[in-house]
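Structure file my_file_38.cif (mmCIF, C-alpha atoms) follows.
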data_data
#
loop_
_atom_site.group_PDB
_atom_site.id
_atom_site.type_symbol
_atom_site.label_atom_id
_atom_site.label_comp_id
_atom_site.auth_asym_id
_atom_site.auth_seq_id
_atom_site.Cartn_x
_atom_site.Cartn_y
_atom_site.Cartn_z
ATOM 1 C CA MET A 211 27.209 4.987 -11.070
ATOM 2 C CA LEU A 212 24.873 7.578 -9.611
ATOM 3 C CA SER A 213 24.793 9.872 -6.630
ATOM 4 C CA ARG A 214 21.865 9.088 -4.312
ATOM 5 C CA THR A 215 21.344 12.734 -3.481
ATOM 6 C CA LYS A 216 20.947 14.293 -6.935
ATOM 7 C CA ASP A 217 20.121 11.658 -9.514
ATOM 8 C CA LEU A 218 16.880 10.096 -8.315
ATOM 9 C CA GLN A 219 14.546 12.141 -10.502
ATOM 10 C CA ASN A 220 11.777 9.838 -11.808
ATOM 11 C CA ARG A 221 13.647 6.790 -10.545
ATOM 12 C CA VAL A 222 13.102 4.002 -8.038
ATOM 13 C CA LEU A 223 15.751 3.458 -5.372
ATOM 14 C CA ILE A 224 16.108 -0.168 -4.267
ATOM 15 C CA TYR A 225 18.237 -1.127 -1.280
ATOM 16 C CA MET A 226 18.600 -3.670 1.472
ATOM 17 C CA CYS A 227 18.584 -2.778 5.160
ATOM 18 C CA VAL A 228 18.513 -5.222 8.072
ATOM 19 C CA LYS A 229 17.687 -8.257 5.899
ATOM 20 C CA ASP A 230 14.729 -6.489 4.213
ATOM 21 C CA TRP A 231 14.576 -5.205 0.626
ATOM 22 C CA HIS A 232 13.224 -1.635 0.446
ATOM 23 C CA PHE A 233 12.160 0.686 -2.362
ATOM 24 C CA GLU A 234 11.550 4.422 -2.700
ATOM 25 C CA VAL A 235 9.847 6.019 -5.703
ATOM 26 C CA TYR A 236 10.880 9.574 -6.658
ATOM 27 C CA ASN A 237 9.077 12.121 -8.845
ATOM 28 C CA GLU A 238 10.369 14.706 -11.328
ATOM 29 C CA ARG A 239 11.336 17.070 -8.455
ATOM 30 C CA CYS A 240 13.387 14.331 -6.746
ATOM 31 C CA GLU A 241 10.795 14.071 -3.988
ATOM 32 C CA ARG A 242 10.055 10.663 -2.510
ATOM 33 C CA VAL A 243 6.406 9.947 -3.311
ATOM 34 C CA TYR A 244 6.138 6.330 -2.218
ATOM 35 C CA SER A 245 8.208 3.869 -0.228
ATOM 36 C CA GLY A 246 7.914 0.400 1.168
ATOM 37 C CA LYS A 247 9.594 -2.943 1.594
ATOM 38 C CA TRP A 248 9.154 -6.403 0.190
ATOM 39 C CA THR A 249 8.608 -8.420 3.376
ATOM 40 C CA GLY A 250 7.973 -11.575 1.357
ATOM 41 C CA LEU A 251 11.621 -11.580 0.294
ATOM 42 C CA SER A 252 12.946 -11.823 3.856
ATOM 43 C CA GLY A 253 14.616 -15.167 4.316
ATOM 44 C CA GLU A 254 15.056 -15.761 0.577
ATOM 45 C CA SER A 255 18.531 -16.122 -0.830
ATOM 46 C CA TYR A 256 19.892 -12.782 -1.993
ATOM 47 C CA ALA A 257 20.313 -14.035 -5.545
ATOM 48 C CA LYS A 258 16.708 -15.263 -5.709
ATOM 49 C CA ALA A 259 15.372 -12.028 -4.202
ATOM 50 C CA ALA A 260 17.396 -9.908 -6.630
ATOM 51 C CA ARG A 261 16.101 -11.937 -9.596
ATOM 52 C CA TRP A 262 12.533 -11.473 -8.370
ATOM 53 C CA ILE A 263 13.069 -7.705 -8.038
ATOM 54 C CA GLU A 264 14.676 -7.653 -11.497
ATOM 55 C CA ALA A 265 11.480 -9.146 -12.953
ATOM 56 C CA PHE A 266 8.956 -7.300 -10.768
ATOM 57 C CA ALA A 267 10.261 -3.719 -10.759
ATOM 58 C CA PRO A 268 9.982 -3.044 -14.526
ATOM 59 C CA TRP A 269 6.458 -4.487 -14.457
ATOM 60 C CA ALA A 270 5.417 -2.360 -11.443
ATOM 61 C CA TRP A 271 7.061 0.855 -12.647
ATOM 62 C CA PRO A 272 7.227 0.612 -16.462
ATOM 63 C CA GLY A 273 9.628 2.976 -18.168
ATOM 64 C CA CYS A 274 11.495 3.812 -14.949
ATOM 65 C CA GLU A 275 15.143 3.374 -14.174
ATOM 66 C CA PHE A 276 16.117 1.685 -10.950
ATOM 67 C CA VAL A 277 18.988 2.656 -8.683
ATOM 68 C CA LEU A 278 20.436 -0.214 -6.671
ATOM 69 C CA CYS A 279 22.199 0.757 -3.470
ATOM 70 C CA GLY A 280 24.211 -1.852 -1.600
ATOM 71 C CA CYS A 281 25.382 0.414 1.203
ATOM 72 C CA TRP A 282 23.551 -1.411 3.981
ATOM 73 C CA GLY A 283 23.431 -4.906 2.531
ATOM 74 C CA ASP A 284 25.926 -7.623 3.221
ATOM 75 C CA LYS A 285 28.426 -8.831 0.640
ATOM 76 C CA GLU A 286 26.112 -11.427 -0.939
ATOM 77 C CA ALA A 287 23.318 -8.866 -1.367
ATOM 78 C CA ARG A 288 25.719 -6.378 -2.981
ATOM 79 C CA GLU A 289 27.010 -9.063 -5.354
ATOM 80 C CA ALA A 290 23.429 -9.966 -6.351
ATOM 81 C CA MET A 291 22.720 -6.289 -7.097
ATOM 82 C CA LEU A 292 25.870 -5.986 -9.194
ATOM 83 C CA LYS A 293 24.782 -8.984 -11.286
ATOM 84 C CA VAL A 294 21.359 -7.444 -11.924
ATOM 85 C CA ALA A 295 22.948 -4.139 -12.976
ATOM 86 C CA ALA A 296 25.309 -5.985 -15.315
ATOM 87 C CA ARG A 297 22.389 -7.806 -17.003
ATOM 88 C CA ARG A 298 19.837 -4.993 -17.286
ATOM 89 C CA LYS A 299 20.532 -1.479 -18.547
ATOM 90 C CA GLU A 300 17.608 0.052 -16.603
ATOM 91 C CA PHE A 301 19.202 -1.021 -13.311
ATOM 92 C CA LEU A 302 21.907 1.431 -12.225
ATOM 93 C CA LEU A 303 24.230 1.528 -9.218
ATOM 94 C CA CYS A 304 24.533 4.340 -6.710
ATOM 95 C CA ASP A 305 28.023 5.753 -6.299
ATOM 96 C CA SER A 306 28.176 5.811 -2.498
ATOM 97 C CA LYS A 307 31.549 4.974 -0.964
ATOM 98 C CA LEU A 308 29.755 2.740 1.563
ATOM 99 C CA TRP A 309 29.428 -0.169 -0.898
ATOM 100 C CA ASN A 310 32.828 -1.565 0.181
ATOM 101 C CA ILE A 311 32.805 -4.498 -2.211
#

How does the structure come out when it is put into structure tokens?
Amino acid sequence: MLSRTKDLQNRVLIYMCVKDWHFEVYNERCERVYSGKWTGLSGESYAKAARWIEAFAPWAWPGCEFVLCGCWGDKEAREAMLKVAARRKEFLLCDSKLWNI
């Protein structure tokens, strides 16, 4: 697992907040260079949304690693993220204590 504050160099942070899936892209100096949310995933099941992100993210940001953070998602969203991280080596988990799984 990774620390959100120091290990985001050249990575994409993906998290859920208030029913929306968000992403933040970081450069080599750990500066956020781009951020947004996938509004089209609102209302989708968490498992379906996580599978879509699993397929889309490597296509959108080839060669990047992705940090999944479940701190603000509900239990089903966190479980979907854990399944993605278990299947794909380029998807990592943040180490925040707020996961509470």

For A:Asp284, please output as number ranges by chain all residues within 12 Å (counting only C-alpha atoms; exclusion window: fewer than 3 positions along the same chain).
A: 225-231, 255-256, 279-281, 287-291, 308-311

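Remark: for A:Lys258, the closest of the candidate residues A:Phe233, A:Val294, A:Val243, A:Trp282 is A:Val294 (distances computed over only C-alpha atoms).
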
Which one is closest to A:Cys304: A:Leu251, A:Cys240, A:Val235, A:Ile224? Count only C-alpha atoms.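 Selected residue with least distance to A:Cys304: A:Ile224.
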
note - atom CA of A:Trp248 and atom CA of A:Glu275 are separated by 18.4 Å

Evaluate the PyMOL selection byres ((chain A and resi 218) around 12) here and jot the selected residues down as a PyMOL selection string.
-> chain A and resi 211-217+219-224+234-243+274-279+302-304
